[in-house]
Number of protein chains: 4
Amino acid sequence: MSSFGDHLKVHLLGESHGQLVGVLLEGLPAGVPVDAKAIQAQLERRRPAQSAVTSQRRERDPLTISTGVHEGRTSGAPLLMTTTNTDVDSSVYSALKPRPGHSDLGGHLKFFGHADPRGAGHFGGRLTWGLVAAGALARQALDVFGIRIVAYTERIGAHHITQEPSFDDAVRLVDSNEVRCPDDALAQRMRKDILDARKGGDSLGGAVRCRIQGLPAGLGGYHARSFESRMSLMLFGIPAVKAVGFGLGHELATMTGSQANDPIGLVQGAPQALTNRQGGVVGGLTDGSEVSLLATFKPTASILTPQDTVDLESNAPAKLTIKGRHDPCIVPRAVPVVENAVALVLLDLLLERLGEEGFQRRLLG
Amino acid sequence: MSSFGDHLKVHLLGESHGQLVGVLLEGLPAGVPVDAKAIQAQLERRRPAQSAVTSQRRERDPLTISTGVHEGRTSGAPLLMTTTNTDVDSSVYSALKPRPGHSDLGGHLKFFGHADPRGAGHFGGRLTWGLVAAGALARQALDVFGIRIVAYTERIGAHHITQEPSFDDAVRLVDSNEVRCPDDALAQRMRKDILDARKGGDSLGGAVRCRIQGLPAGLGGYHARSFESRMSLMLFGIPAVKAVGFGLGHELATMTGSQANDPIGLVQGAPQALTNRQGGVVGGLTDGSEVSLLATFKPTASILTPQDTVDLESNAPAKLTIKGRHDPCIVPRAVPVVENAVALVLLDLLLERLGEEGFQRRLLG
Amino acid sequence: MSSFGDHLKVHLLGESHGQLVGVLLEGLPAGVPVDAKAIQAQLERRRPAQSAVTSQRRERDPLTISTGVHEGRTSGAPLLMTTTNTDVDSSVYSALKPRPGHSDLGGHLKFFGHADPRGAGHFGGRLTWGLVAAGALARQALDVFGIRIVAYTERIGAHHITQEPSFDDAVRLVDSNEVRCPDDALAQRMRKDILDARKGGDSLGGAVRCRIQGLPAGLGGYHARSFESRMSLMLFGIPAVKAVGFGLGHELATMTGSQANDPIGLVQGAPQALTNRQGGVVGGLTDGSEVSLLATFKPTASILTPQDTVDLESNAPAKLTIKGRHDPCIVPRAVPVVENAVALVLLDLLLERLGEEGFQRRLLG
Amino acid sequence: MSSFGDHLKVHLLGESHGQLVGVLLEGLPAGVPVDAKAIQAQLERRRPAQSAVTSQRRERDPLTISTGVHEGRTSGAPLLMTTTNTDVDSSVYSALKPRPGHSDLGGHLKFFGHADPRGAGHFGGRLTWGLVAAGALARQALDVFGIRIVAYTERIGAHHITQEPSFDDAVRLVDSNEVRCPDDALAQRMRKDILDARKGGDSLGGAVRCRIQGLPAGLGGYHARSFESRMSLMLFGIPAVKAVGFGLGHELATMTGSQANDPIGLVQGAPQALTNRQGGVVGGLTDGSEVSLLATFKPTASILTPQDTVDLESNAPAKLTIKGRHDPCIVPRAVPVVENAVALVLLDLLLERLGEEGFQRRLLG
């Protein structure tokens, strides 16, 4: 299973090297205008072979919506979005030599040797196509509520943003360079390091910052129903994410309470946090201020350098040299994945708060 | 709602300053011998007023099990564990001046002014009593499978472990000092900083490392059903957790693929990761090696220093001076919370893998 | 597990002969005034030893609410209701001779001999205490929406209502006799048959009709999310229910489409079904007209007549003579169980429609 | 949403007159050999235009499996099955004149006028294609456990089986006539009545009996997690089902305890019910004997006779004459729907019992 959501249910489907990848959405409110072009535009941002810093697998990833839309709007029925896989080279995959840093070994044991090993099958990063497609649609529903989301590259390897840009600058600048970092000088250094890593048969990690404006206060819930819990459930479902933090995240460990607490004051007449160290979420609930989170991505596991593994047939140590086309650093393509996938969790939380009727009433004026 | 789990369902209940706190467990396999003393021993580790570095609220926290046990073993029916609140001083709480860093403001807006404000009500850290009680019982089921868990203080403020101890050393040393750091010299520096922070009316943050041995490979699932997703769902349900990482976590952002991948080799004849940078979880699945995770705790939000807030009645800025008894750093008490709560997720995952019959067969020999 | 509900989550707990029985409610909207007396009044209608036609087990069943209420209203936190078991005679139960018509055999095999056999443990009919307590509270939330529910005895053995009473007559007359049949002459014949069955060491079955007014149209969902699906999930969770029908239910099998369809017309200016053969639910959704359903109860399985069974220790055929105090016909006590338990499903469906915010806004004016 | 299942998750998708209908299955164990021909054979039994007593809509309903299969076996990934709609005549549908007996009115109000009205959209009976396809695959997994399922027409209008056939006779005879009643003489009378009803512009109802052999004891759970609850959840998700009973179902209301209880004895050395009045399920659990259930289908709502409705645009009473091609009695085509859909619930329950590992071990020998 690869599903999540309590009110909006998101089900990913497909395999990296199978016929198609896609997503089935259940619980969508009816009446949301479906702008397929806007969805495709987000998919373009995730597409491989979009620049020198990404994988060169050639996929155009055109969107097909087969169900759940009637006269240009969501009908309230399950909505299926898919794209076919066309540039597949499965010859390089073998189930019998698990790749370090991949799900191969665990998947082999979990499914008793019957998992699809080609490009990690349903575990593959290609499955994030569905997160972007679904999230881009969810954003069309969130638009009505004035909810805005932006994600960008905060760190690649040793280079990282030290001063967060304004929300509007982030929106304006994120796509101005190939690595999707709103600081262009920094972006050039990141880009160079990525290309160097690729040249050296190696890869880099990094981190994606995501920020959200316009959320009402009170989204989330108690304990494991907290905003952070439900958001991190999804974020850790994105391949290569190894850490998730809210606000200053792991940096809060070295701060004092008086430094870390956000004082409360009046913002446009309403009580709200005046600073943003906690990331707009305290005690499991949004407080009405900007939400900020950070997802850390490990360096791409598929590297060209030979690695140690085990031949599962002979149960003997073996050398593995990975072929195929891979991203030397996944972060630039992960930016639109995080930005759109986050919308799915937000829509789920908003539906919990407003109900299908409340949501539709507001949507339809 | 404050529930989690797909096969073992965990429902927290109670309020910080209400009659009781507790936990209801559903889906427990039958036949698990219930050792109430061992559960109480874990509760002692979480108890307030256990040392100079904790809150001085006086609660003995005795365990009552009211249902779900028959002739000393779990019966397969829902199991209720509770303890009564005795040392309650609610006079210091007011719903109308939300405390920075707490759920007060969000909770007030979410529940239209009807949330219980006393000690954060059901949002309160006191609710972790149920996580420890339930987790300590879950560990009695995990014991049969040879699954061992240890947690310890990795960081408090500026002080942190630089070399992880062996698993056995961690088990042996964790309770040897008040801050639950297996490096005693480091622990003394942490302790001093905590006492200094308290004296200054301030508080400290930190991080808890948790490690697990004996897990079979293949626990977890696809995408948002990954081991990391389901584990972090629970971890972010622990009050004050602001970041969660697996293996080297956020440090992986600065590494290369060749540094970050764990080579695979043969361990006692079985294929397994030979190093532990990924934390024993890759692609959403355990791989049979030791699992390692890090939960970052922010500094305690309740500090004695006056803070800015808003009076919700008059909707005017106000000063707030928090009273009550609070932990100057929650990390020492959070160690047993993480260590036991983690067991709940593991039992859930193991039930998914083995089913109630497979589990009971193995349990009952 | 014994839970249900998607938005309002209902968790039963306890055992027939254990310390207590109860229910934990999650997802309740905040601000519902809690009238404990009204809940106790519904519990009185379910109580054993209330008349000559019920079991003579003496339980006063007083309600305790331990969590989830603040200043007389629901706080939005999980709400625990319990009552202690006092009149327990467990001497008559043995796990080793399964009683025909009970869960004994299946429960023994499912839980590998560790289930609590006393009075069927958590499977017991006594667990319906929690359904009534929780449902009676749910009705206090439904009241705000003008939603009214009535249940009554439609059939006991050979005697059954041939002409459904008006809704108001049903409300007025249901408690006017011991069997809870609004037709008093019929009730007397039912009563006599029950007493005769008890005298003969035997038992009777019957059926409970439940009707609901004031529901908005559109409650329910597609296919297995239909109103009927979710309602029957709960109804078949009431011990002894063996059939569930909506509207004319199984009688629709012998009708033609022109007889069975309810024509649509204008009722107070709104489109609505003009007759009620379909029971106010078509295609999985309420249509705004009165909902009507029928739950069939089998005759009480515990009869004094000796029965054939197997001694599980020796695995040899054995005779069983059931002792203990049992209802010769469960239907009169099942009436309040159905009437209140139905409210739990309705509140769940209404929360799905309105969301927690929409619900609370309406509730709190 | 139209999903169900706790371990095997079944998600229906598509619309009656949209591009396609289908089903997404999550949680399938890996390694199940997929026999597409056997699935197609079950789909043929459900297909319209298969005989004189069914709708004449011409659909060949060919099966496409797009994901979740690797080298002829399930891979453990979500499995998508679809078929395209080809013979669609949507000209006859209007959202604005709700058809009595259909979801039209409720759906219009629930989705604020945005539901797809053509052939009831996602509410349509055509969605049962997915139940049959998925169920037929599930049976291929159940086969390994020796679990057999048969369904047949028990009643059409006034005609009904009075003596249940043996299981083997039912299997052998069910498809020997167009109405799928194993008693051929009875079947001819049923057939004549259906044709007469069609000629008169009317329709008939009926009931489908379903029986299951080979289930282990202990499947199901407490209260709303009972076998009956979870099975009826699915059954009431089949359009036109208005009542569900287990064993003798609603007839148990008129019996005494001594008549209704099934005595327990030894069957092939194991304790088991010796008769089958309770339908093999007591107290929410299977007891190891044959399971028997009855689903009542109302007469087809789409009849050619003019009916009263309301024009939703003008909000005025209106006459409606339904066109299109409809089944004069849905029961013959409902037989394979029930027979296969039941397998989905059984596989879900079996996965709960055995876990994915236990299931796969058994499956793969």
# chains A, B, ... in the order shown; residues from 1 in each chain; ligands from 1

call {"tool": "interface_residues", "arguments": {"of": "chain A", "to": "chain C", "cutoff": "8 Å", "atoms": "only C-alpha atoms", "output": "PyMOL selection string"}}
result
chain A and resi 351-358

call {"tool": "write_last_selection", "arguments": {"atoms": "N, CA and C atoms", "output": "CSV table (one decimal), in the first residue's frame"}}
result
chain,number,residue,atom,x,y,z
A,351,LEU,N,-10.4,19.6,4.6
A,351,LEU,CA,-11.6,18.9,4.5
A,351,LEU,C,-12.1,18.4,5.9
A,352,GLU,N,-11.2,18.0,6.7
A,352,GLU,CA,-11.5,17.6,8.1
A,352,GLU,C,-12.2,18.8,8.9
A,353,ARG,N,-11.6,20.0,8.6
A,353,ARG,CA,-12.1,21.1,9.3
A,353,ARG,C,-13.5,21.6,8.8
A,354,LEU,N,-13.6,21.6,7.5
A,354,LEU,CA,-14.8,22.2,6.8
A,354,LEU,C,-15.9,21.2,6.4
A,355,GLY,N,-15.5,19.9,6.3
A,355,GLY,CA,-16.5,19.0,5.8
A,355,GLY,C,-16.7,19.2,4.3
A,356,GLU,N,-17.2,18.1,3.7
A,356,GLU,CA,-17.4,18.2,2.2
A,356,GLU,C,-18.4,19.4,1.9
A,357,GLU,N,-19.4,19.5,2.7
A,357,GLU,CA,-20.4,20.6,2.4
A,357,GLU,C,-19.8,22.0,2.6
A,358,GLY,N,-19.1,22.2,3.8
A,358,GLY,CA,-18.5,23.5,4.0
A,358,GLY,C,-17.5,23.8,3.0

call {"tool": "residues_around", "arguments": {"residues": "Phe112 in chain D", "least_positions_apart": "5", "cutoff": "12 Å", "atoms": "only C-alpha atoms", "output": "JSON, numbers by chain"}}
result
{"A": [29, 30, 31, 32, 73, 74, 75, 76, 356, 357, 358, 359, 360, 361, 362, 363, 364, 365], "C": [217, 218], "D": [95, 104, 105, 106, 107, 312]}

call {"tool": "select_by_dssp", "arguments": {"residues": "range 237-281 of chain C", "states": "strand (DSSP E or B)", "output": "PyMOL selection string"}}
result
chain C and resi 241-246+256+264-267+270-273+281

call {"tool": "select_by_dssp", "arguments": {"residues": "range 188-259 of chain C", "states": "alpha helix (DSSP H)", "output": "list of chain:residue names"}}
result
C:Gln188, C:Arg189, C:Met190, C:Arg191, C:Lys192, C:Asp193, C:Ile194, C:Leu195, C:Asp196, C:Ala197, C:Arg198, C:Lys199, C:Phe227, C:Glu228, C:Ser229, C:Arg230, C:Met231, C:Ser232, C:Leu233, C:Met234, C:Leu235, C:Gly257, C:Ser258, C:Gln259

call {"tool": "closest_residue", "arguments": {"among": "C:Leu80, C:Ala41, C:Ala273, C:Val88", "to": "Gln19 in chain C", "atoms": "only C-alpha atoms"}}
result
C:Val88

call {"tool": "residues_around", "arguments": {"residues": "Gly283 in chain D", "least_positions_apart": "4", "cutoff": "12 Å", "atoms": "only C-alpha atoms", "output": "VMD selection string"}}
result
(chain C and resid 98 to 108 120 to 125 236 to 242 298 300 to 301) or (chain D and resid 217 to 229 246 278 to 279 287)

call {"tool": "residues_around", "arguments": {"residues": "Ile149 in chain D", "least_positions_apart": "4", "cutoff": "10 Å", "atoms": "only C-alpha atoms", "output": "PyMOL selection string"}}
result
chain D and resi 139+142-143+167+171+210-214+290-292+338-340+342-343

call {"tool": "write_last_selection", "arguments": {"atoms": "C-alpha atoms", "output": "PDB file, in the first residue's frame"}}
result
ATOM      1  CA  ARG D 139     -10.273 -16.101  -5.482  1.00  0.00           C
ATOM      2  CA  LEU D 142      -8.083 -18.102  -1.798  1.00  0.00           C
ATOM      3  CA  ASP D 143      -7.787 -21.228  -3.916  1.00  0.00           C
ATOM      4  CA  PHE D 167     -22.684 -27.106  -2.367  1.00  0.00           C
ATOM      5  CA  VAL D 171     -21.547 -25.086  -8.296  1.00  0.00           C
ATOM      6  CA  CYS D 210     -23.961 -17.102  -1.225  1.00  0.00           C
ATOM      7  CA  ARG D 211     -22.147 -19.976   0.486  1.00  0.00           C
ATOM      8  CA  ILE D 212     -18.503 -20.410   1.409  1.00  0.00           C
ATOM      9  CA  GLN D 213     -16.601 -23.572   2.289  1.00  0.00           C
ATOM     10  CA  GLY D 214     -13.142 -24.004   3.720  1.00  0.00           C
ATOM     11  CA  GLU D 290     -20.039 -23.456   5.934  1.00  0.00           C
ATOM     12  CA  VAL D 291     -20.852 -19.757   5.787  1.00  0.00           C
ATOM     13  CA  SER D 292     -24.190 -18.858   4.241  1.00  0.00           C
ATOM     14  CA  VAL D 338     -21.942 -11.319  -5.016  1.00  0.00           C
ATOM     15  CA  GLU D 339     -19.927 -14.501  -5.563  1.00  0.00           C
ATOM     16  CA  ASN D 340     -16.772 -12.639  -6.513  1.00  0.00           C
ATOM     17  CA  VAL D 342     -17.427 -11.799  -1.270  1.00  0.00           C
ATOM     18  CA  ALA D 343     -13.918 -13.082  -2.020  1.00  0.00           C
TER      19      ALA D 343
END

call {"tool": "residues_around", "arguments": {"residues": "Glu44 in chain A", "least_positions_apart": "4", "cutoff": "9 Å", "atoms": "only C-alpha atoms", "output": "JSON, numbers by chain"}}
result
{"A": [39, 40, 48, 50, 60, 61]}

call {"tool": "write_last_selection", "arguments": {"atoms": "N, CA, C and O atoms", "output": "compact mmCIF listing (two decimals), in the first residue's frame"}}
result
# COMPACT_ATOMS: atom_id res chain seq x y z
N ILE A 39 -1.70 21.70 -14.23
CA ILE A 39 -1.14 20.45 -13.68
C ILE A 39 0.08 20.04 -14.50
O ILE A 39 1.13 19.70 -13.95
N GLN A 40 -0.09 20.09 -15.82
CA GLN A 40 1.03 19.70 -16.69
C GLN A 40 2.24 20.60 -16.44
O GLN A 40 3.39 20.13 -16.46
N PRO A 48 12.14 14.38 -15.80
CA PRO A 48 13.56 14.15 -16.00
C PRO A 48 14.01 14.85 -17.29
O PRO A 48 13.18 15.32 -18.07
N GLN A 50 15.19 17.63 -17.88
CA GLN A 50 14.80 19.03 -18.05
C GLN A 50 16.00 19.96 -18.05
O GLN A 50 15.87 21.12 -18.45
N ARG A 60 8.10 12.48 -21.54
CA ARG A 60 7.34 13.72 -21.68
C ARG A 60 6.26 13.82 -20.61
O ARG A 60 5.72 14.87 -20.34
N ASP A 61 5.89 12.67 -20.06
CA ASP A 61 4.98 12.63 -18.91
C ASP A 61 3.64 13.33 -19.13
O ASP A 61 3.15 14.05 -18.25

call {"tool": "atom_distance", "arguments": {"atom1": "CA of Ile161 in chain B", "atom2": "CA of Arg209 in chain B"}}
result
9.9 Å

call {"tool": "closest_residue", "arguments": {"among": "D:Leu347, D:Leu127, D:Ile65, D:Leu137", "to": "His17 in chain D", "atoms": "only C-alpha atoms"}}
result
D:Leu127

call {"tool": "closest_residue", "arguments": {"among": "B:Ala207, B:Ile147, B:Leu43, B:Val23", "to": "Cys329 in chain B", "atoms": "only C-alpha atoms"}}
result
B:Ala207

call {"tool": "residues_around", "arguments": {"residues": "range 252-263 of chain B", "least_positions_apart": "3", "cutoff": "8 Å", "atoms": "only C-alpha atoms", "output": "count of residues only"}}
result
33

call {"tool": "atom_distance", "arguments": {"atom1": "CA of Gly265 in chain C", "atom2": "CA of Pro216 in chain C"}}
result
16.3 Å

call {"tool": "residues_around", "arguments": {"residues": "Thr83 in chain B", "least_positions_apart": "2", "cutoff": "8 Å", "atoms": "only C-alpha atoms", "output": "PDB file with N, CA, C and O atoms, in the first residue's frame"}}
result
ATOM      1  N   LEU B  20      -7.785  11.777  35.091  1.00  0.00           N
ATOM      2  CA  LEU B  20      -6.854  10.694  34.809  1.00  0.00           C
ATOM      3  C   LEU B  20      -6.216  10.888  33.445  1.00  0.00           C
ATOM      4  O   LEU B  20      -6.660  11.709  32.633  1.00  0.00           O
ATOM      5  N   VAL B  21      -5.179  10.141  33.210  1.00  0.00           N
ATOM      6  CA  VAL B  21      -4.643   9.974  31.858  1.00  0.00           C
ATOM      7  C   VAL B  21      -4.525   8.470  31.615  1.00  0.00           C
ATOM      8  O   VAL B  21      -4.476   7.683  32.558  1.00  0.00           O
ATOM      9  N   GLY B  22      -4.495   8.091  30.349  1.00  0.00           N
ATOM     10  CA  GLY B  22      -4.432   6.662  30.081  1.00  0.00           C
ATOM     11  C   GLY B  22      -4.323   6.376  28.608  1.00  0.00           C
ATOM     12  O   GLY B  22      -4.075   7.261  27.783  1.00  0.00           O
ATOM     13  N   ASP B  61       1.936   8.135  39.786  1.00  0.00           N
ATOM     14  CA  ASP B  61       1.598   7.515  38.500  1.00  0.00           C
ATOM     15  C   ASP B  61       1.401   6.010  38.555  1.00  0.00           C
ATOM     16  O   ASP B  61       1.858   5.269  37.675  1.00  0.00           O
ATOM     17  N   PRO B  62       0.689   5.513  39.555  1.00  0.00           N
ATOM     18  CA  PRO B  62       0.523   4.054  39.615  1.00  0.00           C
ATOM     19  C   PRO B  62      -0.369   3.549  38.485  1.00  0.00           C
ATOM     20  O   PRO B  62      -1.362   4.188  38.130  1.00  0.00           O
ATOM     21  N   LEU B  63      -0.006   2.416  37.956  1.00  0.00           N
ATOM     22  CA  LEU B  63      -0.696   1.816  36.813  1.00  0.00           C
ATOM     23  C   LEU B  63      -1.931   1.042  37.240  1.00  0.00           C
ATOM     24  O   LEU B  63      -1.869   0.213  38.151  1.00  0.00           O
ATOM     25  N   THR B  64      -3.056   1.300  36.572  1.00  0.00           N
ATOM     26  CA  THR B  64      -4.244   0.451  36.716  1.00  0.00           C
ATOM     27  C   THR B  64      -4.585  -0.131  35.353  1.00  0.00           C
ATOM     28  O   THR B  64      -4.695   0.609  34.375  1.00  0.00           O
ATOM     29  N   MET B  81      -5.379   1.101  30.211  1.00  0.00           N
ATOM     30  CA  MET B  81      -4.434   1.425  31.288  1.00  0.00           C
ATOM     31  C   MET B  81      -4.638   2.881  31.658  1.00  0.00           C
ATOM     32  O   MET B  81      -4.685   3.741  30.778  1.00  0.00           O
ATOM     33  N   ASN B  85      -4.692  11.575  38.166  1.00  0.00           N
ATOM     34  CA  ASN B  85      -3.920  12.787  38.441  1.00  0.00           C
ATOM     35  C   ASN B  85      -4.173  13.192  39.880  1.00  0.00           C
ATOM     36  O   ASN B  85      -5.334  13.278  40.307  1.00  0.00           O
TER      37      ASN B  85
END

call {"tool": "decode", "arguments": {"residues": "range 235-251 of chain B", "atoms": "N, CA, C and O atoms", "output": "mmCIF file, in the first residue's frame"}}
result
data_model
loop_
_atom_site.group_PDB
_atom_site.id
_atom_site.type_symbol
_atom_site.label_atom_id
_atom_site.label_comp_id
_atom_site.auth_asym_id
_atom_site.auth_seq_id
_atom_site.Cartn_x
_atom_site.Cartn_y
_atom_site.Cartn_z
ATOM 1 N N LEU B 235 6.262 9.741 16.333
ATOM 2 C CA LEU B 235 7.266 10.578 17.007
ATOM 3 C C LEU B 235 6.838 12.038 17.056
ATOM 4 O O LEU B 235 7.009 12.715 18.071
ATOM 5 N N PHE B 236 6.274 12.530 15.964
ATOM 6 C CA PHE B 236 5.815 13.926 15.960
ATOM 7 C C PHE B 236 4.554 14.094 16.815
ATOM 8 O O PHE B 236 4.061 15.202 16.993
ATOM 9 N N GLY B 237 4.010 13.000 17.296
ATOM 10 C CA GLY B 237 2.905 13.068 18.243
ATOM 11 C C GLY B 237 3.374 13.276 19.676
ATOM 12 O O GLY B 237 2.572 13.533 20.569
ATOM 13 N N ILE B 238 4.667 13.154 19.906
ATOM 14 C CA ILE B 238 5.231 13.431 21.229
ATOM 15 C C ILE B 238 5.436 14.937 21.340
ATOM 16 O O ILE B 238 6.120 15.533 20.502
ATOM 17 N N PRO B 239 4.823 15.564 22.343
ATOM 18 C CA PRO B 239 4.949 17.020 22.445
ATOM 19 C C PRO B 239 6.407 17.454 22.446
ATOM 20 O O PRO B 239 7.254 16.791 23.041
ATOM 21 N N ALA B 240 6.685 18.545 21.784
ATOM 22 C CA ALA B 240 8.004 19.210 21.725
ATOM 23 C C ALA B 240 8.944 18.628 20.678
ATOM 24 O O ALA B 240 10.021 19.184 20.456
ATOM 25 N N VAL B 241 8.571 17.542 20.018
ATOM 26 C CA VAL B 241 9.415 17.034 18.923
ATOM 27 C C VAL B 241 9.258 17.955 17.714
ATOM 28 O O VAL B 241 8.138 18.224 17.271
ATOM 29 N N LYS B 242 10.371 18.453 17.209
ATOM 30 C CA LYS B 242 10.311 19.376 16.072
ATOM 31 C C LYS B 242 11.065 18.859 14.849
ATOM 32 O O LYS B 242 11.011 19.469 13.777
ATOM 33 N N ALA B 243 11.828 17.776 15.004
ATOM 34 C CA ALA B 243 12.519 17.199 13.854
ATOM 35 C C ALA B 243 12.750 15.722 14.117
ATOM 36 O O ALA B 243 12.912 15.303 15.275
ATOM 37 N N VAL B 244 12.712 14.966 13.038
ATOM 38 C CA VAL B 244 12.945 13.523 13.122
ATOM 39 C C VAL B 244 13.852 13.134 11.967
ATOM 40 O O VAL B 244 13.643 13.575 10.830
ATOM 41 N N GLY B 245 14.874 12.349 12.274
ATOM 42 C CA GLY B 245 15.748 11.868 11.220
ATOM 43 C C GLY B 245 16.070 10.399 11.407
ATOM 44 O O GLY B 245 15.991 9.871 12.519
ATOM 45 N N PHE B 246 16.417 9.743 10.321
ATOM 46 C CA PHE B 246 16.788 8.319 10.382
ATOM 47 C C PHE B 246 18.253 8.191 10.000
ATOM 48 O O PHE B 246 18.721 8.833 9.051
ATOM 49 N N GLY B 247 18.975 7.343 10.733
ATOM 50 C CA GLY B 247 20.402 7.201 10.508
ATOM 51 C C GLY B 247 21.076 8.530 10.788
ATOM 52 O O GLY B 247 20.832 9.148 11.819
ATOM 53 N N LEU B 248 21.882 8.986 9.855
ATOM 54 C CA LEU B 248 22.564 10.267 10.058
ATOM 55 C C LEU B 248 21.631 11.453 9.819
ATOM 56 O O LEU B 248 22.022 12.608 9.997
ATOM 57 N N GLY B 249 20.414 11.171 9.369
ATOM 58 C CA GLY B 249 19.370 12.192 9.296
ATOM 59 C C GLY B 249 19.764 13.412 8.489
ATOM 60 O O GLY B 249 20.221 13.292 7.347
ATOM 61 N N HIS B 250 19.615 14.586 9.086
ATOM 62 C CA HIS B 250 19.866 15.823 8.339
ATOM 63 C C HIS B 250 21.325 15.962 7.934
ATOM 64 O O HIS B 250 21.646 16.730 7.036
ATOM 65 N N GLU B 251 22.213 15.197 8.552
ATOM 66 C CA GLU B 251 23.632 15.280 8.164
ATOM 67 C C GLU B 251 23.877 14.639 6.792
ATOM 68 O O GLU B 251 24.895 14.914 6.146
#
